[in-house]
Amino acid sequence: MTDKSLFNNTKTAFTLKSDSELERAYFLFKMISKEPLVRIGTAVTKFALNASLPVEGLIRSTVFDHFCGGVNEEDCLPAIEKMYTKGVSSVLDYSVEGKASEDQFDDALQKILKIVKFCDEREAMPIVVFKPTAFGRFYLYEKKSDGLSFSPEEQEEWSRVVNRFHEVCKLAKEKDVEVLIDGEESWMQTAADDLVEDMMKIYNTEKAIVYNTLQLYRWDRLDYLKELYSRAKAENFKIGMKIVRGAYMEKERDRAEELGYKSPICETKAITDDNFNNGLKYILENNKDISVFIGTHNEDSCYLAMDLMNKLNISKSDNNVWFGQLYGMSDHISFNLAEQGYNVAKYLPFGPVKDVMPYLIRRAEENTSVAGQTNRELELIKTERKRRKV
């Protein structure tokens, strides 16, 4: 059995943080732990940015620099190189959200292609990521998921979406860079799933290059994975799967209630945890055919993965198994796992400060809704401050 005190090692967890960076982390998590402050802070920030008040410098030196790598790829290099000295890789995440024009989709495509080339030159960056809606309108995915016919114009638009996916996956295969395609809302996900599966059939012939995302707070996702696996066996392609609990819970439940259909979300946190762990177990038991990126900040799930890998004789360095956490969070998991020899990557968001704010606000709001997570971060930072006598 894995030593369950592994993640308490704060010396390893915060080895890269200076005393002043540790103090900033302490201040931020203390703020995030207070829900009213998060609500007020996000409202003030949105207002200040919309009114073009000079607050970018303040945001940059506090929340942005803690949770983001920089404003562009080159800006992220110091963080990437620093983490890699401790065996932690980086997944550059262009975190600009809510774009909806063809020009913006083409710009996003060029940005992702640039990141693939950027990754090809650096051992510390074996993986790229994008959201389906970075390359096409949400409405199109939704309409296709509902089984509705496209107009001729929409069909042309969808063809451009498919071509953008192909461009990225083709280049990634050439450069041997893995591509994680994020999950989004359930009512557009079927179209995204089908499109990603088409990419897997073409580009995952020898090994997993293209990864879909399973949001396991959905009770139907494990069945989907099992059906996909039977198709992969029949059609001779490999599966790549990032597994997460999920990011749209309140939105999903509200919509289900409003439109009168059964919520796709598990009824309780405990059921979600079981679903995630069952999905993890199923994937690791089929490790030769399914590669996994375990995106979690949950310590129990990480310990379970370590135990299963040991039991199933899966090497810690097996490229079919990666652990991932967000930059600025759960360093006690990331750096302790890396020190033990596991494959670990941090999601490293970047982009112009103003454009990345919706992402940062969501991070803050998610942290307040997972109180235990924030309190755990705070306790670990306090322990390290005491150890260093800060």
# chains A, B, ... in the order shown; residues from 1 in each chain; ligands from 1
$ closest_atom_pairs --of "range 306-346 of chain A" --to "range 234-258 of chain A" --cutoff "12 Å" --atoms "only C-alpha atoms" --output "tab-separated table"
residue	atom	partner	partner_atom	distance
A:Asn319	CA	A:Gly240	CA	11.3
A:Asn320	CA	A:Gly240	CA	8.5
A:Val321	CA	A:Lys242	CA	9.9
A:Trp322	CA	A:Lys242	CA	9.0
A:Phe323	CA	A:Lys242	CA	9.5
A:Gly324	CA	A:Lys242	CA	9.3
A:Gln325	CA	A:Val244	CA	10.3
A:Leu326	CA	A:Val244	CA	11.9
$ closest_atom_pairs --of "range 290-355 of chain A" --to "range 87-101 of chain A" --cutoff "12 Å" --atoms "only C-alpha atoms" --output "JSON lines"
{"residue": "A:Phe293", "atom": "CA", "partner": "A:Val91", "partner_atom": "CA", "distance": 11.4}
{"residue": "A:Gly295", "atom": "CA", "partner": "A:Val91", "partner_atom": "CA", "distance": 11.8}
{"residue": "A:Ser317", "atom": "CA", "partner": "A:Gly87", "partner_atom": "CA", "distance": 11.3}
{"residue": "A:Trp322", "atom": "CA", "partner": "A:Ser89", "partner_atom": "CA", "distance": 10.1}
{"residue": "A:Phe323", "atom": "CA", "partner": "A:Val88", "partner_atom": "CA", "distance": 9.9}
{"residue": "A:Gly324", "atom": "CA", "partner": "A:Val91", "partner_atom": "CA", "distance": 9.0}
{"residue": "A:Gln325", "atom": "CA", "partner": "A:Val91", "partner_atom": "CA", "distance": 9.9}
{"residue": "A:Leu326", "atom": "CA", "partner": "A:Val91", "partner_atom": "CA", "distance": 9.4}
{"residue": "A:Tyr327", "atom": "CA", "partner": "A:Ser90", "partner_atom": "CA", "distance": 8.9}
{"residue": "A:Asp331", "atom": "CA", "partner": "A:Val88", "partner_atom": "CA", "distance": 10.2}
{"residue": "A:Ile333", "atom": "CA", "partner": "A:Val88", "partner_atom": "CA", "distance": 11.0}
{"residue": "A:Ser334", "atom": "CA", "partner": "A:Val88", "partner_atom": "CA", "distance": 7.2}
{"residue": "A:Phe335", "atom": "CA", "partner": "A:Val88", "partner_atom": "CA", "distance": 6.9}
{"residue": "A:Asn336", "atom": "CA", "partner": "A:Val88", "partner_atom": "CA", "distance": 9.9}
{"residue": "A:Leu337", "atom": "CA", "partner": "A:Val88", "partner_atom": "CA", "distance": 9.0}
{"residue": "A:Ala338", "atom": "CA", "partner": "A:Gly87", "partner_atom": "CA", "distance": 5.5}
{"residue": "A:Glu339", "atom": "CA", "partner": "A:Gly87", "partner_atom": "CA", "distance": 7.1}
{"residue": "A:Gln340", "atom": "CA", "partner": "A:Gly87", "partner_atom": "CA", "distance": 9.7}
{"residue": "A:Gly341", "atom": "CA", "partner": "A:Gly87", "partner_atom": "CA", "distance": 8.0}
{"residue": "A:Tyr342", "atom": "CA", "partner": "A:Gly87", "partner_atom": "CA", "distance": 8.8}
{"residue": "A:Asn343", "atom": "CA", "partner": "A:Val88", "partner_atom": "CA", "distance": 7.5}
{"residue": "A:Val344", "atom": "CA", "partner": "A:Val88", "partner_atom": "CA", "distance": 5.3}
{"residue": "A:Ala345", "atom": "CA", "partner": "A:Ser89", "partner_atom": "CA", "distance": 4.3}
{"residue": "A:Lys346", "atom": "CA", "partner": "A:Ser90", "partner_atom": "CA", "distance": 4.9}
{"residue": "A:Tyr347", "atom": "CA", "partner": "A:Val91", "partner_atom": "CA", "distance": 4.8}
{"residue": "A:Leu348", "atom": "CA", "partner": "A:Leu92", "partner_atom": "CA", "distance": 4.9}
{"residue": "A:Pro349", "atom": "CA", "partner": "A:Asp93", "partner_atom": "CA", "distance": 4.4}
{"residue": "A:Phe350", "atom": "CA", "partner": "A:Tyr94", "partner_atom": "CA", "distance": 5.3}
{"residue": "A:Gly351", "atom": "CA", "partner": "A:Tyr94", "partner_atom": "CA", "distance": 6.0}
{"residue": "A:Pro352", "atom": "CA", "partner": "A:Val96", "partner_atom": "CA", "distance": 8.0}
{"residue": "A:Val353", "atom": "CA", "partner": "A:Val96", "partner_atom": "CA", "distance": 9.5}
{"residue": "A:Lys354", "atom": "CA", "partner": "A:Val96", "partner_atom": "CA", "distance": 9.1}
{"residue": "A:Asp355", "atom": "CA", "partner": "A:Val96", "partner_atom": "CA", "distance": 5.4}
$ write_last_selection --atoms "N, CA and C atoms" --output "CSV table (one decimal), in the first residue's frame"
chain,number,residue,atom,x,y,z
A,293,PHE,N,-4.8,10.6,-18.7
A,293,PHE,CA,-4.3,11.8,-18.0
A,293,PHE,C,-5.3,12.0,-16.8
A,295,GLY,N,-6.7,14.0,-14.3
A,295,GLY,CA,-6.7,15.4,-13.9
A,295,GLY,C,-7.5,15.5,-12.6
A,317,SER,N,6.8,5.2,-14.7
A,317,SER,CA,7.2,6.1,-15.8
A,317,SER,C,6.4,5.7,-17.1
A,322,TRP,N,-0.5,9.6,-16.9
A,322,TRP,CA,-0.1,10.9,-16.4
A,322,TRP,C,-1.0,11.4,-15.3
A,323,PHE,N,-0.4,12.1,-14.4
A,323,PHE,CA,-1.2,12.8,-13.4
A,323,PHE,C,-1.1,14.3,-13.7
A,324,GLY,N,-2.2,15.0,-13.5
A,324,GLY,CA,-2.2,16.5,-13.8
A,324,GLY,C,-3.0,17.3,-12.8
A,325,GLN,N,-2.4,18.4,-12.4
A,325,GLN,CA,-3.0,19.4,-11.6
A,325,GLN,C,-2.9,20.8,-12.2
A,326,LEU,N,-3.6,21.8,-11.7
A,326,LEU,CA,-3.5,23.1,-12.2
A,326,LEU,C,-2.4,23.9,-11.6
A,327,TYR,N,-1.7,24.7,-12.3
A,327,TYR,CA,-0.7,25.5,-11.8
A,327,TYR,C,-1.2,26.4,-10.7
A,331,ASP,N,0.3,21.8,-5.2
A,331,ASP,CA,1.7,21.5,-5.4
A,331,ASP,C,2.1,20.3,-4.5
A,333,ILE,N,0.6,17.6,-4.2
A,333,ILE,CA,0.4,16.4,-5.0
A,333,ILE,C,1.4,16.3,-6.1
A,334,SER,N,1.5,17.4,-6.9
A,334,SER,CA,2.3,17.4,-8.1
A,334,SER,C,3.8,17.1,-7.8
A,335,PHE,N,4.3,17.8,-6.9
A,335,PHE,CA,5.8,17.7,-6.7
A,335,PHE,C,6.2,16.5,-5.9
A,336,ASN,N,5.3,16.0,-5.0
A,336,ASN,CA,5.6,14.7,-4.3
A,336,ASN,C,5.5,13.5,-5.2
A,337,LEU,N,4.5,13.6,-6.2
A,337,LEU,CA,4.3,12.5,-7.1
A,337,LEU,C,5.6,12.5,-8.1
A,338,ALA,N,6.0,13.6,-8.5
A,338,ALA,CA,7.1,13.7,-9.5
A,338,ALA,C,8.4,13.2,-8.8
A,339,GLU,N,8.5,13.6,-7.5
A,339,GLU,CA,9.8,13.1,-6.8
A,339,GLU,C,9.8,11.6,-6.7
A,340,GLN,N,8.6,11.0,-6.6
A,340,GLN,CA,8.5,9.5,-6.6
A,340,GLN,C,8.7,8.8,-7.9
A,341,GLY,N,8.8,9.6,-9.0
A,341,GLY,CA,9.0,9.1,-10.3
A,341,GLY,C,7.8,8.9,-11.2
A,342,TYR,N,6.7,9.5,-10.8
A,342,TYR,CA,5.5,9.4,-11.7
A,342,TYR,C,5.5,10.5,-12.7
A,343,ASN,N,4.8,10.3,-13.8
A,343,ASN,CA,4.6,11.3,-14.8
A,343,ASN,C,3.6,12.4,-14.4
A,344,VAL,N,4.1,13.6,-14.2
A,344,VAL,CA,3.2,14.7,-13.7
A,344,VAL,C,3.3,15.9,-14.6
A,345,ALA,N,2.2,16.5,-14.9
A,345,ALA,CA,2.2,17.8,-15.7
A,345,ALA,C,1.2,18.8,-15.0
A,346,LYS,N,1.7,20.0,-15.0
A,346,LYS,CA,0.8,21.1,-14.5
A,346,LYS,C,0.2,21.8,-15.7
A,347,TYR,N,-1.2,22.0,-15.6
A,347,TYR,CA,-1.9,22.8,-16.6
A,347,TYR,C,-1.4,24.3,-16.4
A,348,LEU,N,-0.8,24.9,-17.4
A,348,LEU,CA,-0.2,26.2,-17.2
A,348,LEU,C,-1.0,27.2,-18.1
A,349,PRO,N,-2.0,27.9,-17.5
A,349,PRO,CA,-2.9,28.8,-18.3
A,349,PRO,C,-2.0,30.1,-18.7
A,350,PHE,N,-2.3,30.6,-19.8
A,350,PHE,CA,-1.7,31.9,-20.2
A,350,PHE,C,-2.6,32.6,-21.2
A,351,GLY,N,-2.2,33.9,-21.3
A,351,GLY,CA,-3.0,34.8,-22.2
A,351,GLY,C,-3.0,36.2,-21.7
A,352,PRO,N,-3.5,37.2,-22.5
A,352,PRO,CA,-3.6,38.5,-22.0
A,352,PRO,C,-4.4,38.6,-20.7
A,353,VAL,N,-4.0,39.4,-19.7
A,353,VAL,CA,-4.6,39.5,-18.4
A,353,VAL,C,-6.1,39.6,-18.5
A,354,LYS,N,-6.6,40.6,-19.3
A,354,LYS,CA,-8.0,40.9,-19.4
A,354,LYS,C,-8.8,39.7,-19.9
A,355,ASP,N,-8.2,39.0,-21.0
A,355,ASP,CA,-8.9,37.9,-21.6
A,355,ASP,C,-8.9,36.6,-20.7
$ closest_residue --among "A:Leu195, A:Cys68, A:Leu28, A:Leu378" --to "Thr10 in chain A" --atoms "only C-alpha atoms"
A:Leu378
$ residues_around --residues "Glu178 in chain A" --least-positions-apart "2" --cutoff "10 Å" --atoms "only C-alpha atoms" --output "PyMOL selection string"
chain A and resi 91+116+119+125-129+169+172-173+175-176+180-181+207-211+240
$ write_last_selection --atoms "N, CA and C atoms" --output "compact mmCIF listing (two decimals), in the first residue's frame"
# COMPACT_ATOMS: atom_id res chain seq x y z
N VAL A 91 1.62 21.71 -19.39
CA VAL A 91 0.63 21.70 -20.48
C VAL A 91 0.20 23.14 -20.68
N VAL A 116 2.00 23.59 -30.41
CA VAL A 116 2.48 22.24 -30.76
C VAL A 116 3.95 22.32 -31.19
N CYS A 119 6.09 23.02 -28.24
CA CYS A 119 6.27 21.80 -27.42
C CYS A 119 7.30 20.86 -28.04
N MET A 125 7.51 19.86 -22.27
CA MET A 125 6.14 20.13 -22.70
C MET A 125 5.67 19.06 -23.68
N PRO A 126 5.28 17.88 -23.18
CA PRO A 126 4.90 16.79 -24.07
C PRO A 126 3.43 16.81 -24.51
N ILE A 127 2.65 17.78 -24.00
CA ILE A 127 1.18 17.74 -24.16
C ILE A 127 0.64 19.13 -24.46
N VAL A 128 -0.37 19.22 -25.36
CA VAL A 128 -1.10 20.48 -25.58
C VAL A 128 -2.58 20.25 -25.27
N VAL A 129 -3.33 21.34 -25.18
CA VAL A 129 -4.75 21.22 -24.85
C VAL A 129 -5.55 22.30 -25.57
N CYS A 169 -4.35 17.79 -34.87
CA CYS A 169 -4.04 16.38 -34.58
C CYS A 169 -2.97 15.84 -35.53
N ALA A 172 0.33 17.30 -34.43
CA ALA A 172 0.71 16.69 -33.15
C ALA A 172 1.28 15.29 -33.37
N LYS A 173 0.65 14.53 -34.28
CA LYS A 173 1.16 13.18 -34.56
C LYS A 173 2.57 13.26 -35.18
N LYS A 175 4.76 15.55 -34.72
CA LYS A 175 5.72 16.03 -33.72
C LYS A 175 5.76 15.16 -32.46
N ASP A 176 4.90 14.13 -32.42
CA ASP A 176 4.79 13.26 -31.24
C ASP A 176 4.46 14.05 -29.97
N LEU A 180 -4.79 16.99 -25.60
CA LEU A 180 -5.96 16.82 -24.73
C LEU A 180 -7.06 17.74 -25.22
N ILE A 181 -8.24 17.18 -25.46
CA ILE A 181 -9.38 18.00 -25.89
C ILE A 181 -10.38 18.05 -24.73
N LYS A 207 -0.36 4.57 -31.06
CA LYS A 207 -0.47 4.94 -29.64
C LYS A 207 -1.42 6.13 -29.53
N ALA A 208 -1.75 6.49 -28.31
CA ALA A 208 -2.69 7.60 -28.11
C ALA A 208 -1.97 8.94 -28.31
N ILE A 209 -2.42 9.67 -29.31
CA ILE A 209 -1.99 11.06 -29.52
C ILE A 209 -3.14 11.98 -29.12
N VAL A 210 -4.36 11.60 -29.52
CA VAL A 210 -5.56 12.41 -29.27
C VAL A 210 -6.29 11.86 -28.03
N TYR A 211 -6.59 12.77 -27.10
CA TYR A 211 -7.30 12.42 -25.86
C TYR A 211 -8.62 13.18 -25.79
N GLY A 240 -7.19 7.69 -25.95
CA GLY A 240 -6.57 8.60 -25.00
C GLY A 240 -7.70 9.25 -24.22
$ decode --residues "range 251-267 of chain A" --atoms "N, CA and C atoms" --output "PDB file, in the first residue's frame"
ATOM      1  N   LYS A 251     -24.510  24.747 -13.545  1.00  0.00           N
ATOM      2  CA  LYS A 251     -25.118  25.047 -14.844  1.00  0.00           C
ATOM      3  C   LYS A 251     -25.905  23.834 -15.360  1.00  0.00           C
ATOM      4  N   GLU A 252     -25.308  22.641 -15.218  1.00  0.00           N
ATOM      5  CA  GLU A 252     -25.953  21.410 -15.693  1.00  0.00           C
ATOM      6  C   GLU A 252     -27.252  21.144 -14.922  1.00  0.00           C
ATOM      7  N   ARG A 253     -27.181  21.265 -13.598  1.00  0.00           N
ATOM      8  CA  ARG A 253     -28.370  20.969 -12.780  1.00  0.00           C
ATOM      9  C   ARG A 253     -29.476  21.986 -13.021  1.00  0.00           C
ATOM     10  N   ASP A 254     -29.086  23.264 -13.131  1.00  0.00           N
ATOM     11  CA  ASP A 254     -30.084  24.322 -13.354  1.00  0.00           C
ATOM     12  C   ASP A 254     -30.799  24.109 -14.679  1.00  0.00           C
ATOM     13  N   ARG A 255     -30.048  23.763 -15.724  1.00  0.00           N
ATOM     14  CA  ARG A 255     -30.660  23.577 -17.044  1.00  0.00           C
ATOM     15  C   ARG A 255     -31.594  22.364 -17.050  1.00  0.00           C
ATOM     16  N   ALA A 256     -31.162  21.289 -16.405  1.00  0.00           N
ATOM     17  CA  ALA A 256     -31.993  20.079 -16.351  1.00  0.00           C
ATOM     18  C   ALA A 256     -33.323  20.384 -15.648  1.00  0.00           C
ATOM     19  N   GLU A 257     -33.232  21.144 -14.566  1.00  0.00           N
ATOM     20  CA  GLU A 257     -34.450  21.482 -13.811  1.00  0.00           C
ATOM     21  C   GLU A 257     -35.356  22.394 -14.641  1.00  0.00           C
ATOM     22  N   GLU A 258     -34.754  23.364 -15.287  1.00  0.00           N
ATOM     23  CA  GLU A 258     -35.512  24.339 -16.077  1.00  0.00           C
ATOM     24  C   GLU A 258     -36.231  23.665 -17.260  1.00  0.00           C
ATOM     25  N   LEU A 259     -35.535  22.714 -17.919  1.00  0.00           N
ATOM     26  CA  LEU A 259     -36.107  22.076 -19.111  1.00  0.00           C
ATOM     27  C   LEU A 259     -36.786  20.740 -18.812  1.00  0.00           C
ATOM     28  N   GLY A 260     -36.750  20.330 -17.538  1.00  0.00           N
ATOM     29  CA  GLY A 260     -37.508  19.152 -17.114  1.00  0.00           C
ATOM     30  C   GLY A 260     -36.965  17.812 -17.580  1.00  0.00           C
ATOM     31  N   TYR A 261     -35.646  17.671 -17.625  1.00  0.00           N
ATOM     32  CA  TYR A 261     -35.078  16.351 -17.927  1.00  0.00           C
ATOM     33  C   TYR A 261     -34.204  15.906 -16.759  1.00  0.00           C
ATOM     34  N   LYS A 262     -33.862  14.631 -16.714  1.00  0.00           N
ATOM     35  CA  LYS A 262     -33.061  14.096 -15.614  1.00  0.00           C
ATOM     36  C   LYS A 262     -31.658  14.705 -15.654  1.00  0.00           C
ATOM     37  N   SER A 263     -31.194  15.191 -14.522  1.00  0.00           N
ATOM     38  CA  SER A 263     -29.861  15.794 -14.476  1.00  0.00           C
ATOM     39  C   SER A 263     -28.802  14.756 -14.841  1.00  0.00           C
ATOM     40  N   PRO A 264     -27.841  15.143 -15.690  1.00  0.00           N
ATOM     41  CA  PRO A 264     -26.774  14.207 -16.042  1.00  0.00           C
ATOM     42  C   PRO A 264     -25.717  14.066 -14.948  1.00  0.00           C
ATOM     43  N   ILE A 265     -25.885  14.850 -13.867  1.00  0.00           N
ATOM     44  CA  ILE A 265     -24.866  14.887 -12.812  1.00  0.00           C
ATOM     45  C   ILE A 265     -25.218  13.904 -11.692  1.00  0.00           C
ATOM     46  N   CYS A 266     -24.201  13.215 -11.183  1.00  0.00           N
ATOM     47  CA  CYS A 266     -24.405  12.310 -10.034  1.00  0.00           C
ATOM     48  C   CYS A 266     -25.065  13.071  -8.885  1.00  0.00           C
ATOM     49  N   GLU A 267     -25.889  12.359  -8.130  1.00  0.00           N
ATOM     50  CA  GLU A 267     -26.686  13.023  -7.096  1.00  0.00           C
ATOM     51  C   GLU A 267     -25.848  13.589  -5.952  1.00  0.00           C
TER      52      GLU A 267
END
